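Enquirer: Just passing along the structure, written as structure tokens.
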Amino acid sequence: MMHSSATTARPQPTRELSAAGTALGAFGMVALLGLLALVLQGLERQSPRVGPVYAGWAQDASDSPLACLRWFLGDITEPLFYKSDLAALGLLAGAVLAWWANRRRIEWAGSLTYGTGLWPWVLASASLSLLLSNLAFGWMLDDGWQPTFVPFVCVAPAMVLLFGSGWRTCITGAVLGAFTVTPLALLFIPTVSEPLGLPAVTANVLAMSLGSVISFLVARRLKWLVPRQPGPATAQHRPPSSSHKPVLRDAVWAARRVLKDFTETHFFANELAGVGVILAVAVAFVLNPGLPSYGSNLLPHILFAQALTSAIGIVLWRDWYRDGGWAATYASVVSVAPAAVLAFAGSWTGTVGGAVLGAVLAPPIARAVASRLPEGFHPVIGNTAAMAIATAVAIPVLGLLPH
């Protein structure tokens, strides 16, 4: 979740995006992922149903080292509502491929972690924070699911982007994230989400936002953390420069932007990583539909809703991407859209309505909050706050509609 290029190396400027080209690319990707969703629904009945299922996984993680390792890996893709160890391996494989290509200045791979070259440190700090969260609070899994995943996608990677590489930054961000965000999520689920009848994601992203505020307040007093000076960016994907084919150029950019939105929350923001996680979770679903997305059998609906909410947001807020800008079009991908699918059992009202409301609400709220943050506070605070607000508004509204 980066989230604002103001705190890292800025992308290369681009000219204004055309509505036609942006829509063609964005909704073309929706069509592709919609087709994938239909194929997955068709293959569900033919699934061999091999391997473990989601039911009982949390309890097994308390006793079995293998189940515990799988839970840790599953946490990596839980922000996407996938909760799949295989999906995590696909995500990391795509990111590693992008890292390899970036090191060799191969532009087709796209940028990784905003062209900062900090991806290894982002991954290291986030993984350490996730490990600490599981070690400190994993004993609670005896009672069922717990939000052990929450620090992986907020404080730790944001600290690296603001303060740069090095073990001091890596460990500081990991510790602050694990011991602020996870406890807050554990507190907010029974005191905020449940009394208001809202999905647990509302509490989780609210915890990410407030935990990040606390962490950056502490970080400002730590003398060993010095804001980094952005250096030259590594190779980044640039839209084709031909002035004769602006629609095609914008279509390619928009299609890739949808894929990037699937990994923005991990601070990867890379299309290869996006393809990796999508294909891997699709394979996990075919092998056993009872595992991904909490065994709900709704993964196809979630994939379609995520692509749709990203595409709508990209088209709607495309002016914010102009001249190297950025918009939080990913915010609904990891909050409103999948939460609505699960809340309304994959109904068309929930799937499409959640995608639309999330795309309309989340990016401008994120922009408004992030723009008002003082110096030294990462925009992830605004992005996660927008997820909480948009989900808290959208789910009750959708509940008033027929399903």
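Convention: chains lettered A, B, ... in structure tokens order; per-chain residue numbering from 1; ligands numbered from 1 as shown.
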Which polymer residues have any atom within 10 Å of an atom of range 363-380 of chain A, counting only C-alpha atoms, with same-chain residues fewer than 6 positions away left out, as a VMD selection string?
Expert: chain A and resid 1 to 7 153 to 155 157 to 159 161 to 163 208 to 209 212 to 217 219 to 220 227 265 267 313 to 314 316 to 317 320 326 to 332 386 to 387 389 to 390
Enquirer: Got a sec to tell me which of range 246-334 of chain A DSSP assigns to helix (DSSP H, G or I), as a ChimeraX atom specification?
Expert: /A:246-261,264-266,271-287,292-295,299-316,318-324,331-334
Enquirer: Which polymer residues have any atom within 8 Å of an atom of range 29-33 of chain A, counting only C-alpha atoms, with same-chain residues fewer than 6 positions away left out, as a list in words?
Expert: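 Selected residues are Ala255, Val258, Leu303, Phe304, Ala307, Leu308 and Ala311 of chain A.
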Enquirer: If you keep N, CA, C and O atoms, can you produce a file of those selected residues as a short mmCIF file (atom, residue, chain, number, x, y, z; two decimals), in the first residue's frame?
Expert:
data_model
loop_
_atom_site.label_atom_id
_atom_site.label_comp_id
_atom_site.auth_asym_id
_atom_site.auth_seq_id
_atom_site.Cartn_x
_atom_site.Cartn_y
_atom_site.Cartn_z
N ALA A 255 -4.75 -1.82 -18.18
CA ALA A 255 -4.81 -3.26 -17.92
C ALA A 255 -3.74 -3.65 -16.90
O ALA A 255 -4.00 -4.43 -15.96
N VAL A 258 -4.69 -2.49 -13.32
CA VAL A 258 -5.60 -3.37 -12.60
C VAL A 258 -4.82 -4.49 -11.92
O VAL A 258 -5.06 -4.81 -10.75
N LEU A 303 -12.76 -12.60 -7.05
CA LEU A 303 -11.84 -12.19 -8.11
C LEU A 303 -12.51 -11.21 -9.08
O LEU A 303 -11.93 -10.19 -9.45
N PHE A 304 -13.73 -11.54 -9.48
CA PHE A 304 -14.44 -10.66 -10.42
C PHE A 304 -14.72 -9.31 -9.78
O PHE A 304 -14.52 -8.26 -10.40
N ALA A 307 -11.49 -7.19 -9.60
CA ALA A 307 -11.11 -6.62 -10.88
C ALA A 307 -12.05 -5.48 -11.27
O ALA A 307 -11.62 -4.43 -11.76
N LEU A 308 -13.34 -5.67 -11.02
CA LEU A 308 -14.33 -4.66 -11.39
C LEU A 308 -14.15 -3.38 -10.58
O LEU A 308 -14.20 -2.27 -11.13
N ALA A 311 -11.08 -1.54 -11.84
CA ALA A 311 -11.29 -0.93 -13.16
C ALA A 311 -12.16 0.32 -13.06
O ALA A 311 -11.84 1.36 -13.67
#
Enquirer: Compile the contact shell of range 354-360 of chain A as a PyMOL selection string: residues with an atom at most 8 Å away, counting only C-alpha atoms, same-chain residues fewer than 5 positions apart removed.
Expert: chain A and resi 305-306+308-310+312-313+316+329+331-332+335-341+349+390-391+394-395+398
Enquirer: Kindly save the residues from that selection, with N, CA, C and O atoms included, as a compact mmCIF listing (two decimals), in the first residue's frame.
Expert:
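This went into part22.txt:
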# COMPACT_ATOMS: atom_id res chain seq x y z
N ALA A 305 -15.19 -9.31 -8.54
CA ALA A 305 -15.50 -8.05 -7.85
C ALA A 305 -14.25 -7.21 -7.68
O ALA A 305 -14.30 -5.97 -7.83
N GLN A 306 -13.13 -7.84 -7.37
CA GLN A 306 -11.88 -7.09 -7.20
C GLN A 306 -11.43 -6.44 -8.50
O GLN A 306 -11.02 -5.28 -8.51
N LEU A 308 -13.34 -5.67 -11.02
CA LEU A 308 -14.33 -4.66 -11.39
C LEU A 308 -14.15 -3.38 -10.58
O LEU A 308 -14.20 -2.27 -11.13
N THR A 309 -13.94 -3.51 -9.29
CA THR A 309 -13.80 -2.30 -8.46
C THR A 309 -12.53 -1.55 -8.80
O THR A 309 -12.49 -0.32 -8.81
N SER A 310 -11.46 -2.28 -9.13
CA SER A 310 -10.23 -1.63 -9.56
C SER A 310 -10.45 -0.88 -10.87
O SER A 310 -10.06 0.29 -11.01
N ILE A 312 -13.23 0.24 -12.30
CA ILE A 312 -14.11 1.41 -12.15
C ILE A 312 -13.33 2.56 -11.52
O ILE A 312 -13.43 3.72 -11.96
N GLY A 313 -12.56 2.26 -10.49
CA GLY A 313 -11.79 3.30 -9.83
C GLY A 313 -10.75 3.93 -10.75
O GLY A 313 -10.57 5.15 -10.76
N LEU A 316 -12.62 6.11 -13.23
CA LEU A 316 -13.26 7.24 -12.56
C LEU A 316 -12.25 8.28 -12.07
O LEU A 316 -12.48 9.49 -12.17
N THR A 329 -6.82 3.35 -5.87
CA THR A 329 -7.85 2.52 -6.50
C THR A 329 -7.80 1.08 -6.00
O THR A 329 -8.75 0.32 -6.22
N ALA A 331 -7.79 0.32 -2.87
CA ALA A 331 -8.34 0.26 -1.51
C ALA A 331 -9.58 -0.62 -1.42
O ALA A 331 -9.74 -1.41 -0.49
N SER A 332 -10.47 -0.52 -2.40
CA SER A 332 -11.67 -1.35 -2.39
C SER A 332 -11.37 -2.80 -2.73
O SER A 332 -12.11 -3.71 -2.33
N SER A 335 -10.96 -4.47 0.54
CA SER A 335 -11.90 -4.16 1.62
C SER A 335 -13.35 -4.28 1.15
O SER A 335 -13.96 -5.36 1.28
N VAL A 336 -13.90 -3.24 0.59
CA VAL A 336 -15.33 -3.20 0.32
C VAL A 336 -15.77 -4.31 -0.62
O VAL A 336 -16.73 -5.04 -0.33
N ALA A 337 -15.11 -4.46 -1.77
CA ALA A 337 -15.57 -5.41 -2.78
C ALA A 337 -15.60 -6.86 -2.28
O ALA A 337 -16.65 -7.51 -2.35
N PRO A 338 -14.49 -7.41 -1.76
CA PRO A 338 -14.56 -8.79 -1.27
C PRO A 338 -15.44 -8.94 -0.03
O PRO A 338 -16.10 -9.97 0.15
N ALA A 339 -15.45 -7.92 0.83
CA ALA A 339 -16.30 -8.00 2.02
C ALA A 339 -17.77 -8.08 1.63
O ALA A 339 -18.55 -8.82 2.26
N ALA A 340 -18.17 -7.34 0.60
CA ALA A 340 -19.57 -7.37 0.15
C ALA A 340 -19.91 -8.73 -0.45
O ALA A 340 -21.02 -9.23 -0.27
N VAL A 341 -18.98 -9.33 -1.18
CA VAL A 341 -19.23 -10.67 -1.73
C VAL A 341 -19.51 -11.66 -0.62
O VAL A 341 -20.48 -12.44 -0.68
N THR A 349 -26.10 -8.32 -6.39
CA THR A 349 -26.18 -7.02 -5.73
C THR A 349 -24.93 -6.75 -4.91
O THR A 349 -24.35 -5.67 -4.96
N ALA A 390 -15.21 3.41 4.09
CA ALA A 390 -15.98 2.98 2.92
C ALA A 390 -16.73 1.67 3.20
O ALA A 390 -17.88 1.51 2.80
N THR A 391 -16.09 0.75 3.90
CA THR A 391 -16.75 -0.52 4.23
C THR A 391 -17.91 -0.29 5.20
O THR A 391 -18.99 -0.88 5.04
N ALA A 394 -20.67 1.24 2.97
CA ALA A 394 -21.18 0.46 1.85
C ALA A 394 -21.98 -0.76 2.28
O ALA A 394 -23.03 -1.06 1.70
N ILE A 395 -21.50 -1.50 3.27
CA ILE A 395 -22.18 -2.74 3.65
C ILE A 395 -23.60 -2.49 4.15
O ILE A 395 -24.54 -3.16 3.70
N LEU A 398 -25.77 -1.54 1.09
CA LEU A 398 -26.09 -2.73 0.26
C LEU A 398 -27.08 -3.64 0.94
O LEU A 398 -27.88 -4.32 0.28
Enquirer: Which is closer to Ala101 in chain A than all the others in A:Gln41, A:Asn270, A:Gln46, A:Ser84, using only C-alpha atoms?
Expert: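 Once distances to Ala101 in chain A are computed over only C-alpha atoms, the minimum belongs to A:Asn270.
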Enquirer: Would you work out the distance separating CA of Gly90 in chain A from CA of Leu69 in chain A, expressed in Å to one decimal?
Expert: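 It comes out at 15.9 Å.
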Enquirer: Which is closest to Ser62 in chain A among A:Thr182, A:Thr116, A:Thr191, A:Gln146, if we use only C-alpha atoms?
Expert: A:Gln146
Enquirer: Between A:Trp119, A:Phe179, A:Trp348, A:Trp145, which residue has the minimum interatomic distance to Leu131 in chain A, considering only C-alpha atoms?
Expert: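 Counting only C-alpha atoms, the residue closest to Leu131 in chain A is A:Phe179.
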Enquirer: Between A:Ser347, A:Ser64, A:Asn297, A:Thr263, which one has atoms that come closest to Leu112 in chain A, using only C-alpha atoms?
Expert: A:Thr263
Enquirer: Excluding Leu184 in chain A and its own-chain neighbours fewer than 2 positions away, which residues fall within 12 Å of it when counting only C-alpha atoms? Please give them as an NGL selection string.
Expert: :A and (133 or 146-148 or 150-151 or 177-182 or 186-192 or 202-212 or 214)
Enquirer: Can I get the selection written as a compact mmCIF listing (two decimals), in the first residue's frame, with C-alpha atoms?
Expert:
# COMPACT_ATOMS: atom_id res chain seq x y z
CA SER A 133 2.36 -11.35 15.33
CA GLN A 146 -7.58 -14.45 14.62
CA PRO A 147 -6.30 -11.42 12.66
CA THR A 148 -2.63 -12.40 12.89
CA VAL A 150 -2.71 -7.45 9.88
CA PRO A 151 0.85 -6.09 10.44
CA GLY A 177 3.63 -3.11 13.64
CA ALA A 178 3.19 -6.42 15.40
CA PHE A 179 2.59 -4.91 18.82
CA THR A 180 0.28 -2.08 17.85
CA VAL A 181 -1.80 -3.27 14.92
CA THR A 182 -2.59 -6.86 15.93
CA LEU A 186 -8.19 -8.02 18.43
CA LEU A 187 -9.80 -5.20 20.41
CA PHE A 188 -11.84 -3.66 17.60
CA ILE A 189 -13.42 -6.85 16.29
CA PRO A 190 -15.58 -7.46 19.41
CA THR A 191 -16.04 -3.78 20.27
CA VAL A 192 -16.56 -2.17 16.85
CA THR A 202 -13.63 -2.96 9.15
CA ALA A 203 -11.92 -3.55 12.48
CA ASN A 204 -8.76 -4.83 10.82
CA VAL A 205 -8.18 -1.83 8.56
CA LEU A 206 -9.17 0.57 11.35
CA ALA A 207 -6.48 -1.11 13.47
CA MET A 208 -3.99 -0.72 10.62
CA SER A 209 -4.73 3.00 10.41
CA LEU A 210 -4.61 3.76 14.13
CA GLY A 211 -1.70 1.39 14.69
CA SER A 212 0.22 3.20 11.97
CA ILE A 214 0.84 5.28 16.93
Enquirer: Counting only C-alpha atoms, which residue out of A:Gly138, A:Gly350, A:Gly295, A:Pro300 sits closest to Gly56 in chain A?
Expert: A:Gly295
Enquirer: Please report the interatomic distance between CA of Leu91 in chain A and CA of Glu271 in chain A in Å with one decimal.
Expert: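 Distance reported for this atom pair: 10.2 Å.
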Enquirer: Extract, using only C-alpha atoms, all DNA, RNA and protein residues at most 8 Å from Ser47 in chain A, discarding same-chain residues fewer than 5 positions from it, and format them as an MDAnalysis selection string.
Expert: chainID A and resid 286:289
Enquirer: Store the residues picked out above, limited to C-alpha atoms, as a compact mmCIF listing (two decimals), in the first residue's frame.
Expert:
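Final output, part_24.txt:
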# COMPACT_ATOMS: atom_id res chain seq x y z
CA VAL A 286 -9.38 -25.99 -8.46
CA LEU A 287 -7.46 -28.38 -6.23
CA ASN A 288 -9.86 -27.83 -3.34
CA PRO A 289 -12.56 -25.12 -3.29
Enquirer: Can you pull out every residue within 10 Å of range 282-284 of chain A, counting only C-alpha atoms, but drop anything in the same chain fewer than 2 positions away, and send it as an MDAnalysis selection string?
Expert: chainID A and resid 36:37 39:40 49:51 82 84:87 90 276:280 286:292 299:300 303
Enquirer: Could you work out how far CA of Arg168 in chain A lies from CA of Gly117 in chain A, giving the answer in Å with one decimal?
Expert: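 It comes out at 17.6 Å.
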